[in-house]
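Novice: Let me give you the structure first, and then I'll get to my questions.
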Amino acid sequence: MSSEKAQLERDRLAPGGGVLVIPVDALVIVPIRNAVLFPGMILPLTINREQAILAAQQAAKSESQVGILLQRNAEVEVPGPDDLCTVGTVASVLRYVTLPDNSHVIVCQGEQRFRVSEYLPGYPFPVARVVRIDESEANEREIEARLIRLRERALEVLHFMPQVSQELLHAVQNISQPGALADLVASVTEIKTADRQKILETVDLGQRLDAVLDCLLRRLEVLRLSREIDERTRASMDHHQREYLLREQLKSIQKELGEGDAGNAMEIEALRKAIDEAQMPEEVADQANKELKRLQHMSDGAAEYSMIRAYLDWLVELPWREPEPDRIEIAEARRVLEADHFGLEQVKKRIVEFLAVRKLNPSGHGPILCFVGPPGVGKTSLGQSIARALGRKFVRASLGGVHDEAEIRGHRRTYIGALPGNIIQAIRKAGSRGCVMMLDEIDKLGSGIQGDPSAALLEVLDPEQNNTFRDNYLALPYDLSRMLFITTANVLDNVPGPLRDRMEVIELPGYTQEEKLEIARRYLVGRQIEQNGLKDGQIDFSDAALLAIIRDYTREAGVRSLERQIGAVCRRAAVSIAEGTMHTMQVDGSELAGILGPVRYDNEIALRAGLPGVATGLAWTPAGGDILFIEASRTAGDGKLILTGQLGEVMKESAQAALTLVKTRAAGLGIQAARFARSDVHVHVPAGAIPKDGPSAGVAMFIALASLFSDLPVRGDTAMTGEISLRGLVLPVGGIKDKVLAAMRAGIERVLLPARNRRDLDEVPAAAKEKLQFVFLDSVDDAVRNAMPEPVLKPDMEASAAGRLHSDFP
Ligand SMILES: Nc1ncnc2c1ncn2[C@@H]1O[C@H](COP(=O)(O)OP(=O)(O)OP(=O)(O)O)[C@@H](O)[C@H]1O
């Protein structure tokens, strides 16, 4: 303690700085809680109450002894005389320490028992007159015997205690004073504070030894018991662990022996039942049971287990039972086809014929139907109608992008993740061995590196062999002979030859504006009203509105985007009606721009035609026919030909041929030969992002160039198609029907066609034939005569029209 602080403390203790005077037969009492100091023991005591601190400081200063007294009730903060025990220990304060956390510790050495006789008033801490109690001499034999027992028991107890110092053991063994030993044992073994106080208060040696012995025995009992519990729990833990290990071993032994657990057995039982019920052909049932047996003797953790399991699932879930025989009612089939589709008279007729033949000869190997046409013309929905008419299920399997035989025929089971091919997958989906299966996009079948998918498809479609179709995954024959296959394609040309031979091709060329209007009125509008949650009468489309949608917002052979646009209008109406801003909506065309945006397809003819150097061609694409503008332009130069618009090789060549032809016919066309030498020619085919190829734009190229050099515009109402030869002949081309329909859609009135395509007009719908004027061309001169508004041909060109190659090349 610093000297200043000590001074302060002194001032506090005795005003004036002195030490309080305590009578000789009195002691300063330091009350403590929860500890008993025995004579002969050294104990550090923490004191933190004002009273006790003052008392301890007084003792420390006066270097006098103190009386350590246990408080009866530990909770009393400032104990009065009644709160303190009456027997305590006289102690010397060996050290007084103030710890950094400001708590005070006195290290006391117990000297002798004392008893309080009276408390003295007038002190800031308890001061009591006391009677010191001397330890009685012990030489009785009985005391001696107790001493020995106590020592033994004490050693026994100490034995249970970890970290007992050698000094302590030595002391216990050697102290010969019974009282001192009793006090030592009482203070080092675990005894309750109350019991310790009792021992302190027991002055009679015999009784004190008995009291300590008593406590020791109780303590020993507790210690033994706790050791027993300890051992028992350890034993039971060992037992559990052992049992767990044994059970694990048992499980793996059972697995090895194929005696799977109960869950496994249930699974196998369920599979067995499913196999029995699946009505499999004998060969298949045998195989399934064989696999089931293998499964039974296998651990469910084995890799093969899940493979066999999956295989059996396929076998069980595939439809094996004999399908119901068809009940074909021709009248009903006709009714269904009529109800579902507008127009398509020829198509419906051929489908009815097909069904009639099937009815008369159910087991006959009729041809496979193949619907060919651009997207959205009703191929899929015709297939669905056929299924409906026959009362069969309908599934689709797409062949687009199938490069690998395995996609059709499946992978062998030895491959990881192997599955059946898409034919078997579709059949499982349909759940019937006699469904109508539509094989889509047969023209997009790739020819593979890994086996030829079209060969696999041939086997599927061939009635001679498809009753034992083998999928690689199943590795069992599956009877496809009761299936009704229908294929679809956008382009017949791309369908592999052998497949084409097997099929009866039914072409759906696309619709005229009038047909689209009818389809929209009768089918699409109603369907979209329903799909968008509207009720009849809440929205009404006028014919003008529908026609405006057809003309200005769609350009397609089918009706798919027409249906989408009608849907968009319905959705707008649904929003307004749901919001309550409108009860019904009359669509007459004026609101279309607000709903569908600005007109998407302008009348391009009006925009482009009428200028010299522009001709309208007709092109064919897998999505139907389309019109195509050929634009030619001339700049000062030395006779180069520039071609742009992503033209393919064949189209480039026909541009070159067209230029040569124009040059050879320059005189007849009234063109000065010098014009060619002084100019570069640029031929561009707009919609530059779309690759274009093929020879059929030859006539249009020739006309564009002829018009450019003669400065005479081409008629705006005329479109043309045809290949040209260097001698000026017009050669036939494909896709006439689609091109004619495209011309009509685009508002063209006259179509120039190669003469040798004349018979293709038979397939063109009557509506188109009525609306359009057809001109047939033998030579490019016929084209010139009909494409230009005024006759430009000079007499000498008429003469050369037979096809001589002119030599007046500039
Ligand atoms: N003649 C028609 N009468 C009534 N609805 C038709 C007609 N043609 C097409 N549709 C309707 O047009 C939509 C598109 O037809 P579908 O899906 O059958 O075309 P798709 O030719 O199969 O096309 P894709 O080749 O793209 O599959 C269908 O909702 C269909 O009902």
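Within each chain, counting starts at residue 1; across the structure tokens, chains are named A, B, ... in the order shown, with ligands numbered 1 upward in that order.
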Could you give me, as a PyMOL selection string, every polymer residue with an atom at most 8 Å away from an atom of ligand 1, counting only C-alpha atoms and all ligand atoms?
Specialist: chain A and resi 340-344+373-383+440-441+488-490+519-520+522-524+558-560+563
Novice: Only C-alpha atoms, please: the residues just picked out, written as a CSV table (one decimal), in the first residue's frame.
Specialist:
chain,number,residue,atom,x,y,z
A,340,ASP,CA,-61.7,-29.8,-86.9
A,341,HIS,CA,-60.5,-28.4,-90.2
A,342,PHE,CA,-61.7,-25.9,-92.7
A,343,GLY,CA,-61.0,-26.5,-96.4
A,344,LEU,CA,-58.3,-29.1,-97.2
A,373,GLY,CA,-46.1,-28.6,-96.0
A,374,PRO,CA,-44.9,-25.4,-94.3
A,375,PRO,CA,-45.3,-24.8,-90.6
A,376,GLY,CA,-48.7,-24.1,-89.2
A,377,VAL,CA,-50.8,-25.5,-92.0
A,378,GLY,CA,-52.5,-28.1,-89.8
A,379,LYS,CA,-50.3,-31.2,-90.1
A,380,THR,CA,-50.3,-31.9,-86.5
A,381,SER,CA,-53.9,-31.2,-86.0
A,382,LEU,CA,-54.9,-33.5,-88.8
A,383,GLY,CA,-53.0,-36.2,-87.1
A,440,ASP,CA,-42.3,-35.0,-86.9
A,441,GLU,CA,-39.7,-33.4,-89.2
A,488,THR,CA,-44.5,-34.9,-91.3
A,489,ALA,CA,-42.0,-32.9,-93.3
A,490,ASN,CA,-41.6,-29.3,-94.5
A,519,ILE,CA,-60.1,-20.6,-90.5
A,520,ALA,CA,-59.7,-17.6,-88.3
A,522,ARG,CA,-64.4,-20.5,-87.5
A,523,TYR,CA,-61.6,-21.9,-85.3
A,524,LEU,CA,-58.9,-19.5,-84.2
A,558,GLY,CA,-50.0,-21.4,-92.4
A,559,VAL,CA,-52.0,-19.8,-89.7
A,560,ARG,CA,-49.8,-20.1,-86.7
A,563,GLU,CA,-53.5,-17.3,-84.3
Novice: Write out as JSON, numbers by chain the residues lying within 8 Å of stretch 155-169 of chain A, counting only C-alpha atoms and excluding same-chain residues fewer than 6 positions away.
Specialist: {"A": [189, 216, 219, 220, 223]}
Novice: Would you mind listing what lies within 8 Å of A:Asn757 as a ChimeraX atom specification, with only C-alpha atoms counted and same-chain residues fewer than 4 positions away left out?
Specialist: /A:732-733,736,753,761
Novice: Residues of the last selection are to be written out with C-alpha atoms, as a tab-separated table (two decimals), in the first residue's frame.
Specialist:
chain	number	residue	atom	x	y	z
A	732	PRO	CA	-38.89	-25.36	-115.22
A	733	VAL	CA	-38.49	-24.91	-111.45
A	736	ILE	CA	-44.90	-23.64	-108.06
A	753	LEU	CA	-44.08	-19.25	-115.07
A	761	LEU	CA	-51.05	-25.50	-111.88
Novice: I want to know what sits within 7 Å of A:Gly617, based on only C-alpha atoms, with residues of the same chain fewer than 3 positions away left out; could you give that as a PyMOL selection string?
Specialist: chain A and resi 627-630+697+700+719-721
Novice: Report the distance between atom CA of A:Cys215 and atom CA of A:Ala91 in Å, rounded to one decimal place.
Specialist: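 So the two atoms, atom CA of A:Cys215 and atom CA of A:Ala91, lie 25.1 Å apart.
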Novice: Which residue gives the smallest distance to A:Glu723 among A:Ala706, A:Ile671, A:Leu70, A:Val650, with only C-alpha atoms counted?
Specialist: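 Checking each candidate against A:Glu723, we get A:Val650 as the closest.
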Novice: May I ask which of the residues A:Asp276, A:Glu631, A:Asp738, A:Glu231 is the closest one to A:Pro713, counting only C-alpha atoms?
Specialist: A:Glu631
Novice: Can I get the residues of stretch 313-409 of chain A within 10 Å of stretch 492-496 of chain A, each with the closest pair of atoms and their distance in Å to one decimal, using only C-alpha atoms, sorted chain first then ascending number, as JSON lines?
Specialist:
{"residue": "A:Cys370", "atom": "CA", "partner": "A:Leu492", "partner_atom": "CA", "distance": 9.3}
{"residue": "A:Phe371", "atom": "CA", "partner": "A:Leu492", "partner_atom": "CA", "distance": 9.3}
{"residue": "A:Val372", "atom": "CA", "partner": "A:Leu492", "partner_atom": "CA", "distance": 6.5}
{"residue": "A:Gly373", "atom": "CA", "partner": "A:Leu492", "partner_atom": "CA", "distance": 8.5}
Novice: Could you pull the residues within 8 Å of A:Ile68, counting only C-alpha atoms, minus those fewer than 5 positions along the same chain, as a list in words?
Specialist: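 So the residues in contact are Ile29, Val30, Pro31, Ile32, Leu37, Gly88, Thr89, Val90 and Ala91 of chain A.
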Novice: Please provide as a VMD selection string all residues within 7 Å of stretch 173-181 of chain A, with the sequence filter that same-chain residues fewer than 2 positions apart are discarded (counting only C-alpha atoms).
Specialist: chain A and resid 147 151 169 to 171 183 to 185 205
Novice: Just write the chosen residues, C-alpha atoms, as a PDB file, in the first residue's frame.
Specialist:
ATOM      1  CA  LEU A 147      -7.151 -41.844  15.114  1.00  0.00           C
ATOM      2  CA  ARG A 151      -6.146 -41.839   9.073  1.00  0.00           C
ATOM      3  CA  LEU A 169      -0.350 -37.440   2.084  1.00  0.00           C
ATOM      4  CA  HIS A 170       2.775 -37.294   4.180  1.00  0.00           C
ATOM      5  CA  ALA A 171       1.117 -35.010   6.720  1.00  0.00           C
ATOM      6  CA  ASP A 183      -8.852 -30.556  11.772  1.00  0.00           C
ATOM      7  CA  LEU A 184      -6.517 -31.175   8.842  1.00  0.00           C
ATOM      8  CA  VAL A 185      -8.714 -33.872   7.337  1.00  0.00           C
ATOM      9  CA  LEU A 205     -11.639 -34.926  20.955  1.00  0.00           C
TER      10      LEU A 205
END
Novice: Within 12 Å of A:Ala767, counting only C-alpha atoms, which residues show up once you throw out same-chain ones fewer than 3 positions away? Write them as a list of chain:residue names, please.
Specialist: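 The contact residues come out as A:Gly343, A:Tyr511, A:Thr512, A:Gln513, A:Glu514, A:Glu515, A:Val740, A:Leu741, A:Met744, A:Arg745, A:Leu761, A:Glu763, A:Val764, A:Glu770, A:Lys771, A:Leu772, A:Gln773.
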Novice: Go ahead and save the picked residues with N, CA and C atoms, as an mmCIF file, in the first residue's frame.
Specialist:
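out-v1.cif was written with the following content:
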data_model
loop_
_atom_site.group_PDB
_atom_site.id
_atom_site.type_symbol
_atom_site.label_atom_id
_atom_site.label_comp_id
_atom_site.auth_asym_id
_atom_site.auth_seq_id
_atom_site.Cartn_x
_atom_site.Cartn_y
_atom_site.Cartn_z
ATOM 1 N N GLY A 343 -61.654 -26.312 -95.131
ATOM 2 C CA GLY A 343 -60.976 -26.494 -96.417
ATOM 3 C C GLY A 343 -60.271 -27.835 -96.484
ATOM 4 N N TYR A 511 -52.409 -21.643 -97.153
ATOM 5 C CA TYR A 511 -53.751 -21.125 -97.371
ATOM 6 C C TYR A 511 -53.747 -19.786 -98.087
ATOM 7 N N THR A 512 -54.834 -19.552 -98.781
ATOM 8 C CA THR A 512 -55.035 -18.232 -99.377
ATOM 9 C C THR A 512 -55.602 -17.311 -98.299
ATOM 10 N N GLN A 513 -55.620 -16.005 -98.627
ATOM 11 C CA GLN A 513 -56.158 -15.059 -97.648
ATOM 12 C C GLN A 513 -57.584 -15.403 -97.248
ATOM 13 N N GLU A 514 -58.371 -15.806 -98.233
ATOM 14 C CA GLU A 514 -59.777 -16.100 -97.947
ATOM 15 C C GLU A 514 -59.903 -17.313 -97.044
ATOM 16 N N GLU A 515 -59.056 -18.316 -97.330
ATOM 17 C CA GLU A 515 -59.106 -19.504 -96.480
ATOM 18 C C GLU A 515 -58.680 -19.167 -95.054
ATOM 19 N N VAL A 740 -47.015 -19.571 -106.071
ATOM 20 C CA VAL A 740 -48.240 -18.927 -106.546
ATOM 21 C C VAL A 740 -49.024 -18.362 -105.362
ATOM 22 N N LEU A 741 -49.093 -19.169 -104.281
ATOM 23 C CA LEU A 741 -49.821 -18.689 -103.104
ATOM 24 C C LEU A 741 -49.130 -17.468 -102.498
ATOM 25 N N MET A 744 -49.989 -14.487 -104.448
ATOM 26 C CA MET A 744 -51.325 -13.992 -104.175
ATOM 27 C C MET A 744 -51.354 -13.238 -102.847
ATOM 28 N N ARG A 745 -50.669 -13.799 -101.866
ATOM 29 C CA ARG A 745 -50.612 -13.119 -100.560
ATOM 30 C C ARG A 745 -50.034 -11.730 -100.697
ATOM 31 N N LEU A 761 -49.916 -26.351 -112.245
ATOM 32 C CA LEU A 761 -51.052 -25.502 -111.875
ATOM 33 C C LEU A 761 -52.220 -26.321 -111.356
ATOM 34 N N GLU A 763 -52.278 -28.378 -109.093
ATOM 35 C CA GLU A 763 -52.278 -28.460 -107.621
ATOM 36 C C GLU A 763 -52.615 -27.132 -106.965
ATOM 37 N N VAL A 764 -52.609 -26.080 -107.749
ATOM 38 C CA VAL A 764 -52.833 -24.759 -107.159
ATOM 39 C C VAL A 764 -54.310 -24.626 -106.795
ATOM 40 N N GLU A 770 -58.372 -18.551 -109.782
ATOM 41 C CA GLU A 770 -59.369 -17.557 -110.190
ATOM 42 C C GLU A 770 -58.795 -16.147 -110.122
ATOM 43 N N LYS A 771 -58.008 -15.899 -109.100
ATOM 44 C CA LYS A 771 -57.562 -14.529 -108.854
ATOM 45 C C LYS A 771 -56.391 -14.098 -109.717
ATOM 46 N N LEU A 772 -55.564 -15.049 -110.061
ATOM 47 C CA LEU A 772 -54.311 -14.688 -110.718
ATOM 48 C C LEU A 772 -54.360 -14.949 -112.226
ATOM 49 N N GLN A 773 -53.555 -14.166 -112.944
ATOM 50 C CA GLN A 773 -53.408 -14.414 -114.371
ATOM 51 C C GLN A 773 -52.050 -15.080 -114.571
#
Novice: Taking the DSSP assignment computed from this structure's backbone, write out as a PyMOL selection string all residues of stretch 250-341 of chain A that belong to alpha helix (DSSP H).
Specialist: chain A and resi 250-256+262-277+282-296+303-317+330-340
Novice: Between A:Leu312, A:Thr233, A:Cys570, A:Leu355, which has the minimum distance to A:Glu267 (counting only C-alpha atoms)?
Specialist: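 Ranking A:Leu312, A:Thr233, A:Cys570, A:Leu355 by distance to A:Glu267, first place goes to A:Leu312.
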Novice: Atom CA of A:Ser710 and atom CA of A:Ser654 are how many Å apart?
Specialist: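 Those two atoms sit 20.0 Å apart.
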Novice: Nearest to A:Ala746 among A:Thr616, A:Pro325, A:Leu647, A:Phe776, with distances taken over only C-alpha atoms: which residue is it?
Specialist: A:Thr616
Novice: As an exercise, work out the distance from atom CA of A:Gly391 to atom CA of A:Pro463 in Å and give it to one decimal place.
Specialist: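 According to the coordinates, atom CA of A:Gly391 and atom CA of A:Pro463 are separated by 21.5 Å.
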